[in-house]
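A.B. asks: My file is upload12.pdb. It has PDB, C-alpha atoms:
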```pdb
ATOM      1  CA  MET A   1       7.035  -5.899 -16.175
ATOM      2  CA  LEU A   2       6.009  -9.394 -15.015
ATOM      3  CA  ARG A   3       2.342  -8.408 -15.010
ATOM      4  CA  SER A   4       2.593  -7.817 -18.772
ATOM      5  CA  TYR A   5       3.181 -11.550 -19.285
ATOM      6  CA  LEU A   6      -0.013 -12.624 -17.542
ATOM      7  CA  PRO A   7      -2.462 -13.973 -20.146
ATOM      8  CA  HIS A   8      -5.913 -12.490 -20.586
ATOM      9  CA  ILE A   9      -8.304 -14.354 -18.280
ATOM     10  CA  MET A  10     -11.996 -14.679 -19.033
ATOM     11  CA  GLN A  11     -14.458 -15.368 -16.224
ATOM     12  CA  ASP A  12     -18.188 -16.091 -16.038
ATOM     13  CA  ILE A  13     -20.218 -12.890 -15.686
ATOM     14  CA  ARG A  14     -21.771 -14.403 -12.530
ATOM     15  CA  GLU A  15     -18.440 -15.359 -10.964
ATOM     16  CA  PRO A  16     -18.923 -14.704  -7.232
ATOM     17  CA  PHE A  17     -15.279 -14.401  -6.159
ATOM     18  CA  ALA A  18     -12.748 -11.701  -6.979
ATOM     19  CA  LEU A  19      -9.082 -12.568  -7.340
ATOM     20  CA  SER A  20      -7.301 -11.543  -4.133
ATOM     21  CA  ALA A  21      -3.599 -11.543  -5.071
ATOM     22  CA  ILE A  22      -1.097 -12.788  -7.635
ATOM     23  CA  GLY A  23       2.251 -14.287  -6.687
ATOM     24  CA  THR A  24       5.200 -14.605  -9.061
ATOM     25  CA  THR A  25       8.282 -16.770  -9.357
ATOM     26  CA  VAL A  26      10.773 -16.385 -12.204
ATOM     27  CA  PHE A  27      12.623 -19.528 -13.314
ATOM     28  CA  THR A  28      15.853 -19.122 -15.272
ATOM     29  CA  SER A  29      16.818 -22.786 -14.938
ATOM     30  CA  THR A  30      14.891 -26.019 -14.528
ATOM     31  CA  ARG A  31      13.787 -26.824 -10.979
ATOM     32  CA  ALA A  32      10.758 -27.868  -8.943
ATOM     33  CA  SER A  33       8.017 -25.361  -8.263
ATOM     34  CA  ASP A  34       7.720 -24.194  -4.667
ATOM     35  CA  SER A  35       3.929 -24.123  -4.808
ATOM     36  CA  PHE A  36       2.829 -26.840  -7.252
ATOM     37  CA  ARG A  37       3.803 -30.477  -7.639
ATOM     38  CA  ARG A  38       5.719 -30.216 -10.882
ATOM     39  CA  LEU A  39       9.136 -29.679 -12.387
ATOM     40  CA  VAL A  40       9.299 -26.374 -14.242
ATOM     41  CA  VAL A  41      11.399 -26.980 -17.353
ATOM     42  CA  VAL A  42      13.196 -23.922 -18.723
ATOM     43  CA  PRO A  43      14.423 -24.319 -22.337
ATOM     44  CA  ASN A  44      17.717 -22.690 -23.260
ATOM     45  CA  GLY A  45      17.429 -18.970 -23.940
ATOM     46  CA  THR A  46      14.119 -18.571 -22.131
ATOM     47  CA  MET A  47      12.654 -17.873 -18.730
ATOM     48  CA  VAL A  48       9.454 -19.183 -17.216
ATOM     49  CA  VAL A  49       7.223 -16.905 -15.159
ATOM     50  CA  GLU A  50       5.024 -18.804 -12.717
ATOM     51  CA  PHE A  51       1.925 -16.887 -11.651
ATOM     52  CA  GLN A  52       0.212 -18.100  -8.470
ATOM     53  CA  LEU A  53      -3.374 -16.832  -8.367
ATOM     54  CA  PHE A  54      -5.114 -16.722  -4.998
ATOM     55  CA  TRP A  55      -8.845 -16.497  -4.349
ATOM     56  CA  LEU A  56     -10.150 -16.477  -0.781
ATOM     57  CA  TYR A  57     -12.857 -18.937  -1.843
ATOM     58  CA  ASP A  58     -13.483 -21.736  -4.287
ATOM     59  CA  ILE A  59     -17.213 -22.421  -4.595
ATOM     60  CA  GLN A  60     -16.659 -25.709  -2.740
ATOM     61  CA  HIS A  61     -14.089 -24.757  -0.112
ATOM     62  CA  LEU A  62     -12.191 -21.986   1.646
ATOM     63  CA  TYR A  63      -9.378 -20.604  -0.538
ATOM     64  CA  ASP A  64      -8.038 -21.529  -3.937
ATOM     65  CA  LEU A  65      -4.541 -21.321  -5.417
ATOM     66  CA  GLU A  66      -4.220 -21.807  -9.171
ATOM     67  CA  HIS A  67      -1.197 -21.455 -11.451
ATOM     68  CA  ILE A  68      -0.209 -20.216 -14.891
ATOM     69  CA  TRP A  69       3.260 -20.801 -16.372
ATOM     70  CA  VAL A  70       4.414 -18.512 -19.165
ATOM     71  CA  THR A  71       7.565 -19.253 -21.153
ATOM     72  CA  VAL A  72       9.171 -16.052 -22.444
ATOM     73  CA  GLN A  73      11.879 -15.624 -25.063
ATOM     74  CA  ASP A  74      13.177 -12.179 -26.031
ATOM     75  CA  GLN A  75      10.251 -10.597 -24.123
ATOM     76  CA  THR A  76       7.736 -12.586 -26.194
ATOM     77  CA  ILE A  77       5.385 -15.252 -24.870
ATOM     78  CA  ILE A  78       6.087 -18.518 -26.675
ATOM     79  CA  HIS A  79       4.274 -21.087 -24.514
ATOM     80  CA  VAL A  80       1.633 -21.195 -21.765
ATOM     81  CA  GLU A  81       0.589 -23.908 -19.328
ATOM     82  CA  ALA A  82      -2.124 -23.631 -16.690
ATOM     83  CA  SER A  83      -3.411 -25.591 -13.706
ATOM     84  CA  PHE A  84      -6.492 -27.763 -13.884
ATOM     85  CA  HIS A  85      -7.692 -29.490 -10.692
ATOM     86  CA  GLY A  86      -4.265 -30.456  -9.407
ATOM     87  CA  ARG A  87      -2.787 -31.129 -12.842
ATOM     88  CA  TYR A  88      -1.561 -28.785 -15.556
ATOM     89  CA  LEU A  89      -2.390 -28.525 -19.231
ATOM     90  CA  ASN A  90      -0.693 -27.207 -22.343
ATOM     91  CA  ALA A  91      -2.910 -24.190 -22.947
ATOM     92  CA  SER A  92      -0.936 -23.101 -26.015
ATOM     93  CA  LYS A  93      -2.475 -25.918 -28.062
ATOM     94  CA  LEU A  94      -5.932 -24.323 -28.327
ATOM     95  CA  ALA A  95      -5.814 -20.858 -26.766
ATOM     96  CA  ARG A  96      -6.625 -17.983 -29.066
ATOM     97  CA  VAL A  97      -4.191 -15.079 -29.140
ATOM     98  CA  ALA A  98      -5.420 -11.526 -28.569
ATOM     99  CA  ASP A  99      -4.360  -8.519 -30.631
ATOM    100  CA  ASP A 100      -1.557  -7.816 -28.153
ATOM    101  CA  GLN A 101      -0.200 -11.329 -28.809
ATOM    102  CA  LYS A 102      -1.089 -12.566 -25.341
ATOM    103  CA  PRO A 103      -3.023 -15.832 -25.060
ATOM    104  CA  VAL A 104      -6.560 -15.957 -23.672
ATOM    105  CA  LEU A 105      -7.473 -18.414 -20.904
ATOM    106  CA  TYR A 106     -10.891 -19.253 -19.453
ATOM    107  CA  CYS A 107     -11.442 -19.608 -15.720
ATOM    108  CA  GLN A 108     -13.908 -22.269 -14.547
ATOM    109  CA  PRO A 109     -16.881 -20.630 -12.806
ATOM    110  CA  GLY A 110     -16.422 -20.812  -9.056
ATOM    111  CA  LYS A 111     -13.617 -23.386  -9.337
ATOM    112  CA  HIS A 112     -10.977 -21.305 -11.162
ATOM    113  CA  ALA A 113      -9.219 -24.090 -13.066
ATOM    114  CA  PHE A 114      -8.056 -22.947 -16.501
ATOM    115  CA  LEU A 115      -8.856 -24.120 -20.022
ATOM    116  CA  PRO A 116      -8.186 -22.505 -23.418
ATOM    117  CA  SER A 117     -11.894 -22.494 -24.316
ATOM    118  CA  GLY A 118     -14.954 -21.874 -22.170
ATOM    119  CA  GLU A 119     -16.938 -24.533 -24.034
ATOM    120  CA  LEU A 120     -14.576 -27.243 -22.790
ATOM    121  CA  PHE A 121     -15.888 -26.903 -19.232
ATOM    122  CA  SER A 122     -19.100 -28.558 -20.401
ATOM    123  CA  LEU A 123     -17.111 -31.816 -20.540
ATOM    124  CA  LEU A 124     -17.010 -31.856 -16.718
ATOM    125  CA  PRO A 125     -20.017 -33.792 -15.359
ATOM    126  CA  ASP A 126     -20.354 -31.468 -12.355
ATOM    127  CA  CYS A 127     -19.659 -28.156 -14.088
ATOM    128  CA  GLU A 128     -23.109 -26.891 -13.033
ATOM    129  CA  SER A 129     -23.852 -28.827  -9.841
ATOM    130  CA  CYS A 130     -20.562 -27.954  -8.126
ATOM    131  CA  CYS A 131     -21.656 -24.303  -8.089
ATOM    132  CA  ASN A 132     -25.076 -24.829  -6.490
ATOM    133  CA  GLU A 133     -26.055 -28.038  -4.699
ATOM    134  CA  GLY A 134     -22.350 -28.931  -4.332
ATOM    135  CA  ALA A 135     -21.364 -25.513  -2.942
ATOM    136  CA  GLY A 136     -19.199 -25.742   0.149
ATOM    137  CA  ASN A 137     -18.989 -29.511   0.251
ATOM    138  CA  ALA A 138     -15.223 -29.566   0.950
ATOM    139  CA  GLY A 139     -15.314 -27.114   3.882
ATOM    140  CA  PHE A 140     -11.872 -25.726   4.707
ATOM    141  CA  LEU A 141      -9.455 -27.598   2.435
ATOM    142  CA  VAL A 142      -5.892 -27.238   3.779
ATOM    143  CA  MET A 143      -3.156 -27.775   1.199
ATOM    144  CA  ASP A 144       0.106 -29.438   2.247
ATOM    145  CA  LEU A 145       1.798 -26.117   1.468
ATOM    146  CA  PHE A 146       0.087 -24.557   4.509
ATOM    147  CA  SER A 147      -0.380 -27.572   6.793
ATOM    148  CA  ASP A 148       2.274 -26.299   9.224
ATOM    149  CA  ARG A 149       0.352 -23.050   9.823
ATOM    150  CA  LEU A 150      -3.320 -23.780   9.229
ATOM    151  CA  ARG A 151      -5.655 -26.386  10.718
ATOM    152  CA  THR A 152      -9.225 -27.384  10.069
ATOM    153  CA  SER A 153     -11.831 -29.196  12.157
ATOM    154  CA  ALA A 154     -15.381 -30.513  11.845
ATOM    155  CA  ASP A 155     -16.728 -27.257  13.278
ATOM    156  CA  ILE A 156     -14.735 -25.126  10.833
ATOM    157  CA  ASP A 157     -15.793 -27.301   7.904
ATOM    158  CA  ILE A 158     -19.472 -26.938   8.820
ATOM    159  CA  ARG A 159     -19.215 -23.160   9.216
ATOM    160  CA  VAL A 160     -17.438 -22.776   5.864
ATOM    161  CA  THR A 161     -19.901 -25.104   4.125
ATOM    162  CA  ASN A 162     -22.920 -23.253   5.480
ATOM    163  CA  HIS A 163     -21.418 -19.878   4.548
ATOM    164  CA  LEU A 164     -20.702 -20.917   0.965
ATOM    165  CA  GLN A 165     -24.153 -22.448   0.520
ATOM    166  CA  ARG A 166     -25.943 -19.397   1.896
ATOM    167  CA  ALA A 167     -23.835 -16.617   0.432
ATOM    168  CA  TYR A 168     -22.332 -17.859  -2.819
ATOM    169  CA  ALA A 169     -24.185 -20.774  -4.453
ATOM    170  CA  PHE A 170     -25.024 -19.773  -8.041
ATOM    171  CA  HIS A 171     -25.793 -20.981 -11.540
ATOM    172  CA  PRO A 172     -23.098 -20.099 -14.093
ATOM    173  CA  SER A 173     -24.264 -18.118 -17.093
ATOM    174  CA  TRP A 174     -21.525 -19.502 -19.384
ATOM    175  CA  LYS A 175     -21.155 -15.988 -20.719
ATOM    176  CA  TRP A 176     -17.748 -14.425 -20.361
ATOM    177  CA  GLU A 177     -16.042 -11.165 -19.473
ATOM    178  CA  GLU A 178     -12.386 -10.365 -18.998
ATOM    179  CA  MET A 179     -11.163 -10.517 -15.425
ATOM    180  CA  LYS A 180      -9.849  -7.156 -14.262
ATOM    181  CA  VAL A 181      -6.376  -7.816 -12.865
ATOM    182  CA  SER A 182      -4.566  -4.491 -13.248
ATOM    183  CA  GLN A 183      -5.266  -3.497  -9.636
ATOM    184  CA  VAL A 184      -4.845  -6.968  -8.086
ATOM    185  CA  PRO A 185      -1.728  -6.903  -5.851
ATOM    186  CA  LEU A 186       1.315  -8.555  -7.439
ATOM    187  CA  MET A 187       4.017  -9.949  -5.136
ATOM    188  CA  ASP A 188       6.683 -12.601  -4.880
ATOM    189  CA  PHE A 189       5.694 -16.024  -3.634
ATOM    190  CA  ALA A 190       7.056 -15.558  -0.105
ATOM    191  CA  ASP A 191       4.849 -12.495   0.375
ATOM    192  CA  LEU A 192       1.905 -14.289  -1.213
ATOM    193  CA  LYS A 193       2.169 -17.120   1.330
ATOM    194  CA  GLU A 194       1.933 -14.597   4.156
ATOM    195  CA  HIS A 195      -0.984 -12.869   2.446
ATOM    196  CA  ILE A 196      -2.815 -16.186   2.112
ATOM    197  CA  VAL A 197      -2.340 -17.198   5.746
ATOM    198  CA  ARG A 198      -3.336 -13.741   6.960
ATOM    199  CA  SER A 199      -6.426 -13.606   4.721
ATOM    200  CA  ILE A 200      -7.611 -17.070   5.747
ATOM    201  CA  THR A 201      -7.063 -16.372   9.436
ATOM    202  CA  GLN A 202      -9.075 -13.166   9.187
ATOM    203  CA  GLU A 203     -11.872 -14.958   7.330
ATOM    204  CA  LEU A 204     -12.022 -17.728   9.927
ATOM    205  CA  ASP A 205     -12.287 -15.087  12.641
ATOM    206  CA  ALA A 206     -15.141 -13.444  10.733
ATOM    207  CA  LEU A 207     -16.915 -16.803  10.534
ATOM    208  CA  GLY A 208     -16.550 -17.249  14.283
ATOM    209  CA  CYS A 209     -13.943 -20.002  14.215
ATOM    210  CA  LYS A 210     -10.184 -20.329  14.395
ATOM    211  CA  SER A 211      -7.728 -22.495  12.500
TER
END
```
How does the structure come out when it is put into structure tokens?
C.D. replies:
Amino acid sequence: MLRSYLPHIMQDIREPFALSAIGTTVFTSTRASDSFRRLVVVPNGTMVVEFQLFWLYDIQHLYDLEHIWVTVQDQTIIHVEASFHGRYLNASKLARVADDQKPVLYCQPGKHAFLPSGELFSLLPDCESCCNEGAGNAGFLVMDLFSDRLRTSADIDIRVTNHLQRAYAFHPSWKWEEMKVSQVPLMDFADLKEHIVRSITQELDALGCKS
């Protein structure tokens, strides 16, 4: 049922990374998010579904966790917000609505931040360069959320940077296709955290380094 509230997500046809897993948290009252620095406000008579979307890579660093918040009233989506480089935006302002009444979001090539229109990414000065000459420049970026279980080092950063530059640097096409999410594992946030740590640890092993 929760999967049915996930908006349609459009990605660049050259997007190099597949979505690994989707976490969910349902808010029935206002409280802080467990995975994003924000207060999730729940209006009376609604619920808010927080989707946590995990990719093993961002084009500039190892792993990426983005968020979409969907406010639901009487099983109908009435508002959508989405993460954008550590902040969140009101996507309902400009997002078009598909025939099934779900909003459509656009995923930044390689970086996975969300906007309601693909053309808006052109406002970012590095929207092209971050995917090619800037690939891998952040190495293994450890979020505070995982700092008690994951560690980076200069050696790890170099290995991740080199891997991203060699294997994944690309030039976005700025042409779009819908992301296929029906088979992406859906789980609660506690299970997602374990999935993220396990996936990163396995990837570090494959790169010949350990966190």
A.B. asks: Given the choices A:Asn137, A:Gln101, A:Ser29, A:Ser129, which gets closest to Ile158 of chain A if the distance is worked out from all atoms listed in the file?
C.D. replies: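 The closest residue to Ile158 of chain A is A:Asn137.
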A.B. asks: Check the smallest atom-to-atom distance from each of A:Ile196, A:Ala18, A:Ala32, A:Val40 to Met143 of chain A using all atoms listed in the file, then report the winner.
C.D. replies: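 Among A:Ile196, A:Ala18, A:Ala32, A:Val40, it is A:Ile196 that comes nearest to Met143 of chain A.
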A.B. asks: Quick one: of A:Ala167, A:Val160, A:Val184, A:Val42, who's nearest to Tyr63 of chain A, counting all atoms listed in the file?
C.D. replies: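 Result for the nearest residue to Tyr63 of chain A: A:Val160.
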A.B. asks: Between A:Met10, A:Glu133, A:Gln165, A:Ser182, single out the one closest to Arg96 of chain A, counting only C-alpha atoms.
C.D. replies: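 Going through A:Met10, A:Glu133, A:Gln165, A:Ser182 one by one, the smallest distance to Arg96 of chain A is for A:Met10.
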A.B. asks: Please provide as number ranges by chain all residues within 10 Å of segment 109-125 of chain A, with the sequence filter that same-chain residues fewer than 4 positions apart are discarded (counting all atoms listed in the file).
C.D. replies: A: 9-17, 19, 53-55, 57-61, 64-68, 81-96, 103-105, 129-132, 135, 168-176
A.B. asks: Using all atoms listed in the file, pick whichever of A:Ala21, A:Leu2, A:Arg198, A:Leu145 has the shortest atom-to-atom distance to Lys180 of chain A.
C.D. replies: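 Ranked by minimum distance to Lys180 of chain A, first place goes to A:Ala21.
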A.B. asks: Return as number ranges by chain the set of residues that the PyMOL selection byres ((chain A and resi 22) around 9) yields on the displayed structure.
C.D. replies: A: 19-21, 23-24, 51-54, 181, 184-189, 192
A.B. asks: Would you mind exporting C-alpha atoms of the selected residues as a short mmCIF file (atom, residue, chain, number, x, y, z; two decimals), keeping the file's coordinate frame?
C.D. replies:
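Generated output (again_2.cif):
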```cif
data_model
loop_
_atom_site.label_atom_id
_atom_site.label_comp_id
_atom_site.auth_asym_id
_atom_site.auth_seq_id
_atom_site.Cartn_x
_atom_site.Cartn_y
_atom_site.Cartn_z
CA LEU A 19 -9.08 -12.57 -7.34
CA SER A 20 -7.30 -11.54 -4.13
CA ALA A 21 -3.60 -11.54 -5.07
CA GLY A 23 2.25 -14.29 -6.69
CA THR A 24 5.20 -14.60 -9.06
CA PHE A 51 1.92 -16.89 -11.65
CA GLN A 52 0.21 -18.10 -8.47
CA LEU A 53 -3.37 -16.83 -8.37
CA PHE A 54 -5.11 -16.72 -5.00
CA VAL A 181 -6.38 -7.82 -12.86
CA VAL A 184 -4.84 -6.97 -8.09
CA PRO A 185 -1.73 -6.90 -5.85
CA LEU A 186 1.32 -8.56 -7.44
CA MET A 187 4.02 -9.95 -5.14
CA ASP A 188 6.68 -12.60 -4.88
CA PHE A 189 5.69 -16.02 -3.63
CA LEU A 192 1.90 -14.29 -1.21
#
```
A.B. asks: Smallest atom-to-atom distance to Ala138 of chain A: which of A:Arg38, A:Val26, A:Leu56, A:Asp157, using only C-alpha atoms?
C.D. replies: A:Asp157
A.B. asks: List the residues matched by the PyMOL selection byres ((chain A and resi 149) around 12) in the displayed structure as a list in words, ordered by chain and then by residue number.
C.D. replies: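 Applying the expression gives Val142, Met143, Asp144, Leu145, Phe146, Ser147, Asp148, Leu150, Arg151, Thr152, Lys193, Glu194, Ile196, Val197, Arg198, Ile200, Thr201, Lys210 and Ser211 of chain A.
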A.B. asks: Suppose you want the space between atom CA of Val70 of chain A and atom CA of Glu177 of chain A; what is it in Å?
C.D. replies: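 If I compute the distance from atom CA of Val70 of chain A to atom CA of Glu177 of chain A, I get 21.7 Å.
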A.B. asks: What's the separation between atom CA of Asp74 of chain A and atom CA of Asp100 of chain A, in Å to one decimal place?
C.D. replies: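 Spanning atom CA of Asp74 of chain A to atom CA of Asp100 of chain A is a straight-line distance of 15.5 Å.
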A.B. asks: Go ahead and compute the interatomic distance for atom CA of Arg37 of chain A and atom CA of His79 of chain A, in Å to one decimal.
C.D. replies: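 Taking atom CA of Arg37 of chain A as the start and atom CA of His79 of chain A as the end point, the length is 19.3 Å.
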A.B. asks: Contacts of Arg31 of chain A at 8 Å or less, counting all atoms listed in the file, minus same-chain residues fewer than 3 places along, as an MDAnalysis selection string?
C.D. replies: chainID A and resid 27 39:41
A.B. asks: Could the residues in this selection be saved with C-alpha atoms as a PDB file, in the frame of the given file?
C.D. replies:
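Final output, saved to result-v3.pdb:
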```pdb
ATOM      1  CA  PHE A  27      12.623 -19.528 -13.314  1.00  0.00           C
ATOM      2  CA  LEU A  39       9.136 -29.679 -12.387  1.00  0.00           C
ATOM      3  CA  VAL A  40       9.299 -26.374 -14.242  1.00  0.00           C
ATOM      4  CA  VAL A  41      11.399 -26.980 -17.353  1.00  0.00           C
TER       5      VAL A  41
END
```
A.B. asks: Need the shell around Met47 of chain A: protein/DNA/RNA residues with any atom at most 6 Å away, counting all atoms listed in the file. Skip same-chain ones fewer than 6 positions apart. Format as a PyMOL selection string?
C.D. replies: chain A and resi 27-28+71-72
A.B. asks: With C-alpha atoms retained, export the selected residues as a JSON list (two decimals), in the coordinates of the input.
C.D. replies:
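selection-v8.json written:
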```json
[["chain", "number", "residue", "atom", "x", "y", "z"],
["A", 27, "PHE", "CA", 12.62, -19.53, -13.31],
["A", 28, "THR", "CA", 15.85, -19.12, -15.27],
["A", 71, "THR", "CA", 7.56, -19.25, -21.15],
["A", 72, "VAL", "CA", 9.17, -16.05, -22.44]]
```
